[in-house]
Amino acid sequence: MLSGFATCPGLFYATPAADGILSRIRIPGGIISSQQCRAIADIADQHGGGYVDVTNRANLQVREIRAGINAEVLKHLQDIGLGSRNPVVDHIRNVMTSPTAGIDPQELIDTRPFVQGWDDYIAGHPALSGLSAKFSVCFDGGGIIRVCDRLNDILFAAVLVDGNVYFCLYLSVGAKGQPPSDMGILLSPEKCLPVLAALADVYLAHSNTTSKRRLRLLELLNTLGCENYLQEVEQRLPFSFLSSDLTPRPPSLLGKGEEFSPLLAGEGLGERSNAKYQHIGIHAQRQQGLFYIGVVLPLGRLESNQIRGLADLAAKYGSGTLRLTPWQNLLITDIPQQWVADIQSEIAFLGLDSSATNIKSALVACSGKKGCAASATDTKNDALALAQYLETRVPLDCPVNIHFSGCEKSCAQHSKSDITLLGVNIEADNGTVEGYHVYVGDSNQKFGLELYQYVTFAELPALIERMLYVYKIHRLNSDESFGEFANRYAIRTGKEKSTG
Ligand code: SF4
């Protein structure tokens, strides 16, 4: 295995974690075959803890690896299309797209060729090993299942203008942790990859690629300024993208009093929290007569027998294709209508569920104490215990996103949750106990509106149960998400604070 980027794992860059070595396998666009799933299940059994985790970039992680994976096994994985063809770029972040790309009935454009194109470009250009491992790219095709609110350095978001499909260019600038900003640039689809290559080239020209700590693109953009950066990008292109009849200039280039083009005034990047989980359950594809089924993976985890089982179902009933989602769930695609009921019962037989109202469908937890030294609490076990408590007590009719974070870094959740639980240590008479601060909604504060502080884990389940009851009784209707309700209700009634 290679070394040198220990903080950013890849298949060829195993990284030590509290529970053993961690290996992360890039799955561009989250699209994976049954054969690849079986190979990863074997790795998890033979080298790791017998399970895999789907990450919030739709990668797969094998944890608890005690001894390095040997070169022969790595070669086999490469031969079946896993990991980069070129190990020197295998640490660069997974390319993200909607998990329903190509099958979404409402998408404007199938983004799979862009994902594949950029992944091939990275593999074919070893100089890109100088990019920050966090150099992250996303293509959103404008369908029902959108990924534009995910944190990415560069986002291409499809829009329809005068009946033609273009991509809006968004870049991550300003404060960390904010969704990327609209640059006011419309690109015809064939221009996206050349622009992306030029964006990467300008990054390389301005960074010290031998330094262990690579600059984030955001840092470089903040230092150089978007205007300068984009002008350097344009100098590398055989076409102009900063000025055309169609393309408004970036906000930073607008003169005083000039207005931004209404062309781009359409949809913002935000989305309702319920919309994030619309992929769970059974849905018609754009291909007539075919369906996909979204499966809930509790905290993104699959035991190796479950991965093999799902891989077999995808091969038996579908096209042998599975899609991992950035919400750490999974889709099986291309199922003819007559097999839908069968596959659902076989998924249940594997101990998994495909209902969006399952409390686990929108449960998110960071690695927690077992995987991360910074964590104050055992987030994953606490999340599962809470879900188990709530499952039979508060039947849901829409997803409620509950996010457990072991510290303020909030690695696991890239957009606002309905309920955020931030791990803390609480001083008690007989020592320290673990607990959480409770935040709700999506106010401007980082985690939302702080509702309770220092709630011990023993008190937490009953508290969340009461909060969900209040939501179900007082929400406007079942379309009002918990976060929307919390913004409206908590603010209207005045913020209540408690020490538990
Ligand atoms: S949020 Fe904090 S505790 Fe959780 S994995 Fe990230 S750094 Fe570790």
# chains A, B, ... in the order shown; residues from 1 in each chain; ligands from 1
$ closest_atom_pairs --of "chain A" --to "ligand 1" --cutoff "12 Å" --atoms "only C-alpha atoms and all ligand atoms" --output "CSV"
residue,atom,partner,partner_atom_place_in_ligand_line,distance
A:Thr7,CA,ligand 1,7 (S),11.7
A:Ala17,CA,ligand 1,5 (S),10.4
A:Ala18,CA,ligand 1,8 (Fe),10.5
A:Thr55,CA,ligand 1,5 (S),11.7
A:Val364,CA,ligand 1,4 (Fe),10.9
A:Ala365,CA,ligand 1,4 (Fe),7.7
A:Cys366,CA,ligand 1,4 (Fe),4.5
A:Ser367,CA,ligand 1,5 (S),4.6
A:Gly368,CA,ligand 1,4 (Fe),5.1
A:Lys369,CA,ligand 1,3 (S),6.9
A:Lys370,CA,ligand 1,5 (S),9.5
A:Gly371,CA,ligand 1,5 (S),7.1
A:Cys372,CA,ligand 1,8 (Fe),4.6
A:Ala373,CA,ligand 1,8 (Fe),6.5
A:Ala374,CA,ligand 1,3 (S),4.6
A:Ser375,CA,ligand 1,3 (S),3.5
A:Ala376,CA,ligand 1,3 (S),6.8
A:Thr377,CA,ligand 1,3 (S),7.9
A:Asp378,CA,ligand 1,3 (S),9.1
A:Thr379,CA,ligand 1,4 (Fe),7.9
A:Lys380,CA,ligand 1,4 (Fe),9.9
A:His403,CA,ligand 1,1 (S),10.4
A:Phe404,CA,ligand 1,4 (Fe),8.3
A:Ser405,CA,ligand 1,1 (S),5.0
A:Gly406,CA,ligand 1,3 (S),3.7
A:Cys407,CA,ligand 1,2 (Fe),4.0
A:Glu408,CA,ligand 1,2 (Fe),6.0
A:Lys409,CA,ligand 1,1 (S),4.6
A:Ser410,CA,ligand 1,1 (S),3.9
A:Cys411,CA,ligand 1,6 (Fe),4.2
A:Ala412,CA,ligand 1,1 (S),6.4
A:Gln413,CA,ligand 1,1 (S),8.7
A:His414,CA,ligand 1,1 (S),11.0
A:Thr420,CA,ligand 1,1 (S),11.7
A:Leu421,CA,ligand 1,1 (S),10.9
A:Leu422,CA,ligand 1,1 (S),8.8
A:Gly423,CA,ligand 1,3 (S),8.1
A:Val424,CA,ligand 1,3 (S),10.3
$ residues_around --residues "Cys37 (chain A)" --least-positions-apart "6" --cutoff "9 Å" --atoms "only C-alpha atoms" --output "JSON list (two decimals) with all heavy atoms, in the first residue's frame"
[["chain", "number", "residue", "atom", "x", "y", "z"],
["A", 307, "ILE", "N", -24.60, -7.73, 2.21],
["A", 307, "ILE", "CA", -24.12, -7.21, 0.92],
["A", 307, "ILE", "C", -24.25, -8.31, -0.13],
["A", 307, "ILE", "O", -24.71, -8.06, -1.25],
["A", 307, "ILE", "CB", -22.62, -6.82, 0.93],
["A", 307, "ILE", "CG1", -22.24, -6.08, 2.19],
["A", 307, "ILE", "CG2", -22.24, -6.04, -0.31],
["A", 307, "ILE", "CD1", -20.74, -5.96, 2.33],
["A", 308, "ARG", "N", -23.83, -9.52, 0.24],
["A", 308, "ARG", "CA", -23.93, -10.62, -0.75],
["A", 308, "ARG", "C", -25.39, -10.85, -1.12],
["A", 308, "ARG", "O", -25.72, -11.05, -2.29],
["A", 308, "ARG", "CB", -23.34, -11.91, -0.16],
["A", 308, "ARG", "CG", -21.83, -11.91, -0.10],
["A", 308, "ARG", "CD", -21.27, -13.31, 0.14],
["A", 308, "ARG", "NE", -19.87, -13.17, 0.49],
["A", 308, "ARG", "CZ", -19.42, -13.00, 1.73],
["A", 308, "ARG", "NH1", -20.27, -13.00, 2.74],
["A", 308, "ARG", "NH2", -18.13, -12.84, 1.96],
["A", 310, "LEU", "N", -27.93, -8.71, -1.08],
["A", 310, "LEU", "CA", -28.44, -7.64, -1.95],
["A", 310, "LEU", "C", -27.84, -7.76, -3.36],
["A", 310, "LEU", "O", -28.52, -7.51, -4.36],
["A", 310, "LEU", "CB", -28.11, -6.27, -1.35],
["A", 310, "LEU", "CG", -28.87, -5.92, -0.05],
["A", 310, "LEU", "CD1", -28.33, -4.62, 0.54],
["A", 310, "LEU", "CD2", -30.37, -5.79, -0.29],
["A", 311, "ALA", "N", -26.56, -8.15, -3.42],
["A", 311, "ALA", "CA", -25.91, -8.33, -4.73],
["A", 311, "ALA", "C", -26.63, -9.43, -5.51],
["A", 311, "ALA", "O", -26.88, -9.29, -6.71],
["A", 311, "ALA", "CB", -24.44, -8.68, -4.53],
["A", 322, "LEU", "N", -26.28, -1.85, -8.31],
["A", 322, "LEU", "CA", -26.73, -1.23, -7.06],
["A", 322, "LEU", "C", -26.19, 0.19, -7.05],
["A", 322, "LEU", "O", -25.16, 0.48, -7.66],
["A", 322, "LEU", "CB", -26.22, -2.01, -5.84],
["A", 322, "LEU", "CG", -26.63, -3.49, -5.79],
["A", 322, "LEU", "CD1", -25.53, -4.38, -6.34],
["A", 322, "LEU", "CD2", -26.96, -3.93, -4.36]]
$ select_by_dssp --residues "region 323-437 of chain A" --states "strand (DSSP E or B)" --output "ChimeraX atom specification"
/A:323-324,330-336,353,363-365,402-405,419-428,431-437
$ closest_residue --among "A:Leu74, A:Asp397, A:Gly294, A:Thr432" --to "Asp479 (chain A)" --atoms "only C-alpha atoms"
A:Asp397
$ closest_residue --among "A:Gln116, A:Thr97, A:Ser481, A:Ser129" --to "Phe156 (chain A)" --atoms "only C-alpha atoms"
A:Thr97
$ closest_atom_pairs --of "region 189-226 of chain A" --to "region 139-148 of chain A" --cutoff "12 Å" --atoms "only C-alpha atoms" --output "Markdown table"
| residue | atom | partner | partner_atom | distance |
| --- | --- | --- | --- | --- |
| A:Pro189 | CA | A:Gly141 | CA | 10.7 |
| A:Cys192 | CA | A:Phe139 | CA | 9.6 |
| A:Leu193 | CA | A:Phe139 | CA | 10.8 |
| A:Leu196 | CA | A:Phe139 | CA | 11.2 |
$ select_by_dssp --residues "region 120-220 of chain A" --states "helix (DSSP H, G or I)" --output "PyMOL selection string"
chain A and resi 120-124+126-130+189-206+217-220
$ residues_around --residues "Leu390 (chain A)" --least-positions-apart "4" --cutoff "8 Å" --atoms "only C-alpha atoms" --output "short mmCIF file (atom, residue, chain, number, x, y, z; two decimals) with N, CA and C atoms, in the first residue's frame"
data_model
loop_
_atom_site.label_atom_id
_atom_site.label_comp_id
_atom_site.auth_asym_id
_atom_site.auth_seq_id
_atom_site.Cartn_x
_atom_site.Cartn_y
_atom_site.Cartn_z
N ILE A 359 -37.56 4.86 11.14
CA ILE A 359 -36.77 5.90 11.79
C ILE A 359 -35.29 5.83 11.38
N LEU A 386 -31.42 4.64 20.32
CA LEU A 386 -32.52 5.61 20.24
C LEU A 386 -33.56 5.13 19.21
N VAL A 394 -43.20 5.74 18.48
CA VAL A 394 -43.66 6.90 17.69
C VAL A 394 -43.69 6.52 16.21
N PRO A 395 -44.80 5.93 15.75
CA PRO A 395 -44.85 5.61 14.31
C PRO A 395 -44.77 6.89 13.48
N PRO A 461 -33.81 9.35 25.04
CA PRO A 461 -34.89 8.73 24.26
C PRO A 461 -36.28 9.29 24.61
N GLU A 465 -38.76 11.34 22.12
CA GLU A 465 -40.12 10.81 21.94
C GLU A 465 -41.14 11.95 22.13
#
$ closest_residue --among "A:Leu363, A:Leu151, A:Leu237, A:Val88" --to "Pro126 (chain A)" --atoms "only C-alpha atoms"
A:Val88
